[in-house]
Amino acid sequence: MKTSSVTKLKKQENYIGYLFASPWLIGLIVLGIFPIFMSLYFSFTNYNMISAPTWVGFTNYRILFTNDDLFWKSLGNTVYHVMIAVPLGIIVGIALALLLNSKVKGMSIYRTMFYLPNVVSVVAMTLLWLWLFQPNFGLINQLLSPFYKLFNLEPLGWYLDQNMSKMTLILMGLWTAGGSMVIYLAQMQDIPVTLYESAEIDGAGWFKKTIHITLPLMTPSIFFNFIMGLIGSFQVFTIAYIMTNGGPSRSTYYYAYYLFDKMMNDNAMGMASAMAWILLVMVLIVTIVALRLNKFVFYLGEET
Amino acid sequence: MKKIVIGLCLVLLGVFFIGCDGGTSDRVIIDFWHMSPVGSESFSATKQIINEFNESQELYTVKGTGFGFWDYWDKIAVAISSKTAPDIGFSTIDDVPIRAEAGVLYNISDLIDADPDGIDIEELYQSQLDFATYEGDLYALPFTATTRVLYYNLDMFAEVGLTEADVPTTWEELHTVAKQLDVDEDGVIQQLGFDPTYGNATYHGYLWQCGLDFFDDDLNPTLNTQKHIDVLQWMIDFNSEYTRNQLVAFGDANAMLGINVFAGERVAMIVEVDGLYQIIQNAGATFNYGVTSIPLPDEDGVRVNWGSGFSVELYDNRKNEEDQKAGAWEFLKYLMSKEVQKEFSTANGWLMAHQEAMEEVAEGNTIMTRLLEEVAYARDKRYVAYAPSWHGNDWQPYYNQALNRELTAEQALAAARANYLQKKENWEATH
Amino acid sequence: MEATVVKIKYKSRKRRRLITAIILHIVLIACSFVFVFPFLWMLFTALKTPAELLQGIQVFFPQTPQWGNFLLAMQRIPFFLYLKNSLIVVVLVVIGTVFSATTAAYAFAKLRWKGRDKWFIVMLATMMLPIQVILIPTYVMYNWVGWLGTRLPLIVPAFFGGGAAFYIFLTRQFFLGVPKELTESAIIDGANHFQIFIKIMLPLSKPAITTVALFTFMGAWNDYFGPLIFLSNPDHWTLALGLRSFQTQYGGQYNLMMAASILIMLPTLIMFFFAQKTFIEGIKFTGIKG
């Protein structure tokens, strides 16, 4: 008797689950499936976006894997970028959020200012970066010049040096860490005040409270930013497009940049679609592996 | 919750109705896309041109829609590939054949045969018409023309005692004059006489002047002769008194300028397109300057410059819209007429394809007249199916590596050539 | 005696707090400058005369600020028509996205249904395909259903989770943080899942929903590409698209361009300013576990 009511409840929850997911699910099936499968189909064709696509089987994939130097070069650059940009982005985002979570007068203004780079025009951002990173007259090298003199070093070449260019773009990308900062800030508001209060009674300072309460309870949004960072970083493109044009020596020629070129400059939509699907499979594998980290995430609402 | 849902439904319904607008008339609607959106300086003139056509006859109403210059290309590309293109619009002239081959363009030669007096074909440049020809028939008409010339700043010339008589005509003179115009303070370049890599100068442009090219007649990449290396070396070495760092600092400082380096009076001479004349005018610059043909390598050099232009095309969306086709043809004739070509030139600052119209526009304007003279020597780049962006995207990385001294001229050219060969091989594997 | 000790302790703590606050302010102000610089450049460029533009950054400050440039940028286009269009699209997209993201997030966070985890992966995967490769088929599809030329392609997908994967995932993370005891006790009280969703989950996730609404607003407000591709009637154009008219072929009108950009970003900044306040003032429920 009891088991049957439990199964009934479970069955009911199954329906309700689908019901709640249905707006998104219907959207995916009705609006999403056609374009997604068309792009999969294009990847097996030769398609210049004007004439009808012609079937070429696996040729696009074969060429990319066996006879395309830029494919591997751009993939290598992208993996490098992902490995550094994702952790660094998380650290800076959390640091900013912690800094801006203090109860200080004018915090609203500071938060808004820190978020500004996320909304200003690309031209203005490019200018800021030149102003900061330009090796000859940029502010950073000017500030570092006593240091360079002291150790008798050559000034850093930043985006003009092929060994540093990827790193420079990653640093530039940190200006928009305000986006993930907002998510961390929102999450911090969900942390029950009572936890802090009881910690304060135990005499815990800011540092201890951060390590033992704030950070563990922020893991859901850290996990979120980690997964989104992975997905986003694999598609890194704009910053290289505007700052370095993929150079110097193609050191910032990323996968999505190459994909874009295939489509826009070579009119090779078939090849671009094949690249998109290879990317999808790669990122999917990495993400599924990364999802295992979910077990380190502390959800207040999860059963222990 | 219910209220919210009902509210949402109402709003959605409202949007449905906003989407549909009524209005019927007996006239056939002709869709025309151009590059003068609401808010741009040329908008009202373009609207005026369209209105005049609509008032001049009673069969058709041309509905013009303007998109910003930088957005137009995405918009029309998506529309063409999904067969929702306008009846008439602009595109680029060097790749007309791929659209003709795909069957998305109406055959203009057929229309001309049926209506021989419609268009002053003899007023258009033959080199441009050749680009718009596919299997012997015209599939587009040249609408604008562009050219590249040498701009020189006469005020800067005067400062070092040079006059218009000293404007260089050969690469050697160019170097001698340029060096007199360099200015630097404490190792920071303030002004450059000339740099062959600045502005809109291209390696292939200099190659053409030497009778060379990137590809042979069968579109196989060349690039591997000593002459090719020499031309690139000349570009790299032109300002070799300065270190790479000094030149880059000058270039980046210019990038922060937000305006063309010549218009911003940072270089004394530059190879640029005719559009720079518009930039200088729009910016309200007050210095004295002139334009002339790009200096030649030597007496045997070829007088040629890279020029292109917009084409005007009638799009076939495969719906058998004979009325639209006829209307678009009427409007095309109107657009290509001398008076309308003149109006377009004044509104947009474009050099138009109609020679007589342009001569009349340029009358009394020395710079325009010189620009027009150079259009006659303009040549467009060839369309290479396996590397449509051979001059840009495919070449730039190697070119930059050569300029940055990461590769020698010879290595850069060899690497670029290897890349073209790989692209060609891969292209052939899928065709 | 004891009282004095307490007093001294209190005083020194107060002093320490003051010093921390001062240091914090110094750090914040220093950082702010770097974050604000691009905006300042935009503002000063927007206020320049064409002649000042010619001199580049050697003239960082305009001599007499040309506030008229803002007016000019507004007058050159049908500003209020575009504003109305933007609002129609943006408001509906925000409502649609919040609706589809929260419902799906509730399903993923709080309900057990067959295939849930697989669908979750599918949802993440929809973010991994660069949108450029599905643009043309999407356009073709809207052409078939006759939506081209209307605003529907910009609005309807939002109600069905189009482009909402990011927000679904985000909201799910926050929903998972709502203590289970709250939902369980509600079920014991006889509440169904719709009631729990409306009466417990949504109110308790105010900061998260604010974040979703804010990001969606900014995304839809700044998007010019969607309107460019899907709208055909210029009377439907949005501000983000309409203000691009100043980016002409030959450049040159930098001051108007920047004035236009500032006009575009101001509402998002104001939104942000007020939205982030809810992060402080938002309901802080006391955790049952605490």
# chains A, B, ... in the order shown; residues from 1 in each chain; ligands from 1
>>> closest_atom_pairs(of="chain A", to="chain B", cutoff="6 Å", atoms="only C-alpha atoms", output="tab-separated table")
residue	atom	partner	partner_atom	distance
A:Met49	CA	B:Ser81	CA	5.4
A:Ile50	CA	B:Ser81	CA	4.9
A:Ser51	CA	B:Ala102	CA	4.6
A:Asn136	CA	B:Ala249	CA	5.8
A:Ser249	CA	B:Gln401	CA	5.9
A:Asn265	CA	B:Ser389	CA	5.5
A:Asp266	CA	B:Pro388	CA	5.6
>>> interface_residues(of="chain B", to="chain C", cutoff="7 Å", atoms="only C-alpha atoms", output="list of chain:residue names")
B:Gly19, B:Pro37, B:Val38, B:Gly39, B:Ser40, B:Gly68, B:Phe69, B:Lys75, B:Val78, B:Ser82, B:Met256, B:Leu257, B:Gly258, B:Ile259, B:Gly264, B:Gly275, B:Ile279, B:Asn282, B:Ala283, B:Gly284
>>> interface_residues(of="chain C", to="chain A", cutoff="6 Å", atoms="only C-alpha atoms", output="compact mmCIF listing (two decimals) with N, CA and C atoms, in the first residue's frame")
# COMPACT_ATOMS: atom_id res chain seq x y z
N PHE C 35 38.84 51.12 -14.21
CA PHE C 35 37.58 50.61 -14.74
C PHE C 35 36.78 51.72 -15.42
N PRO C 38 37.72 53.94 -19.72
CA PRO C 38 37.10 53.90 -21.05
C PRO C 38 35.81 54.71 -21.12
N SER C 100 10.76 31.29 -18.65
CA SER C 100 11.23 29.98 -19.11
C SER C 100 12.45 29.51 -18.31
N THR C 103 11.11 28.31 -14.62
CA THR C 103 10.37 27.04 -14.64
C THR C 103 11.31 25.87 -14.92
N ALA C 104 12.15 26.02 -15.94
CA ALA C 104 13.06 24.92 -16.27
C ALA C 104 14.04 24.69 -15.12
N ALA C 107 12.51 22.60 -12.50
CA ALA C 107 12.49 21.20 -12.90
C ALA C 107 13.86 20.55 -12.70
N LEU C 111 12.97 18.81 -8.92
CA LEU C 111 12.07 17.72 -9.28
C LEU C 111 12.88 16.56 -9.84
N TRP C 113 12.71 13.66 -12.46
CA TRP C 113 11.97 13.12 -13.61
C TRP C 113 12.93 12.36 -14.49
N MET C 128 27.14 25.34 -26.72
CA MET C 128 28.48 25.05 -27.24
C MET C 128 28.59 25.18 -28.75
N LEU C 129 27.46 25.38 -29.41
CA LEU C 129 27.49 25.53 -30.86
C LEU C 129 27.55 27.03 -31.17
N VAL C 133 26.78 29.43 -37.00
CA VAL C 133 26.53 28.31 -37.91
C VAL C 133 25.06 27.91 -37.95
N ILE C 134 24.24 28.42 -37.01
CA ILE C 134 22.81 28.09 -37.11
C ILE C 134 22.00 29.30 -37.55
N PRO C 137 19.98 28.68 -41.16
CA PRO C 137 18.78 27.82 -41.02
C PRO C 137 17.70 28.44 -40.12
N THR C 138 18.10 29.14 -39.08
CA THR C 138 17.11 29.78 -38.22
C THR C 138 16.31 30.80 -39.02
N PHE C 160 10.35 30.45 -24.77
CA PHE C 160 10.59 29.01 -24.88
C PHE C 160 12.06 28.68 -24.64
N GLY C 161 12.66 29.47 -23.82
CA GLY C 161 14.02 29.14 -23.41
C GLY C 161 15.07 29.36 -24.47
N GLN C 173 21.31 26.75 -10.06
CA GLN C 173 22.31 26.78 -9.00
C GLN C 173 21.76 27.47 -7.75
N LEU C 176 18.99 25.32 -6.03
CA LEU C 176 19.55 24.21 -5.26
C LEU C 176 19.94 24.67 -3.86
N GLY C 177 20.14 25.98 -3.71
CA GLY C 177 20.54 26.49 -2.41
C GLY C 177 19.37 26.75 -1.47
N VAL C 178 18.16 26.61 -1.98
CA VAL C 178 16.99 26.81 -1.10
C VAL C 178 16.81 25.55 -0.25
N PRO C 179 16.82 25.69 1.05
CA PRO C 179 16.79 24.51 1.93
C PRO C 179 15.62 23.59 1.63
N LYS C 180 15.94 22.32 1.63
CA LYS C 180 14.96 21.31 1.31
C LYS C 180 13.81 21.30 2.31
N PRO C 207 17.58 37.72 -5.42
CA PRO C 207 18.85 38.17 -6.02
C PRO C 207 19.15 37.44 -7.33
N PHE C 273 22.64 49.91 -11.37
CA PHE C 273 22.77 50.60 -10.09
C PHE C 273 21.66 50.18 -9.14
N PHE C 279 20.73 43.34 -4.02
CA PHE C 279 21.64 42.35 -3.46
C PHE C 279 21.88 42.61 -1.98
N THR C 286 16.66 33.37 7.10
CA THR C 286 17.54 32.72 8.05
C THR C 286 17.52 31.24 7.76
N GLY C 287 18.67 30.71 7.51
CA GLY C 287 18.74 29.29 7.16
C GLY C 287 18.26 28.45 8.33
N GLY C 290 21.13 26.83 10.11
CA GLY C 290 21.93 27.70 10.98
C GLY C 290 21.23 27.84 12.31
>>> atom_distance(atom1="atom CA of A:Arg62", atom2="atom CA of A:Tyr80")
24.1 Å
>>> select_by_dssp(residues="stretch 84-248 of chain B", states="alpha helix (DSSP H)", output="PyMOL selection string")
chain B and resi 96-102+108-114+126-131+154-159+171-181+203-209+226-237+244-248
>>> atom_distance(atom1="atom CA of C:Thr210", atom2="atom CA of C:Leu269")
14.3 Å
>>> closest_residue(among="C:Asn222, C:Ile23, C:Thr268, C:Gln276", to="C:Lys206", atoms="only C-alpha atoms")
C:Gln276
>>> atom_distance(atom1="atom CA of C:Trp237", atom2="atom CA of B:Val62")
19.9 Å
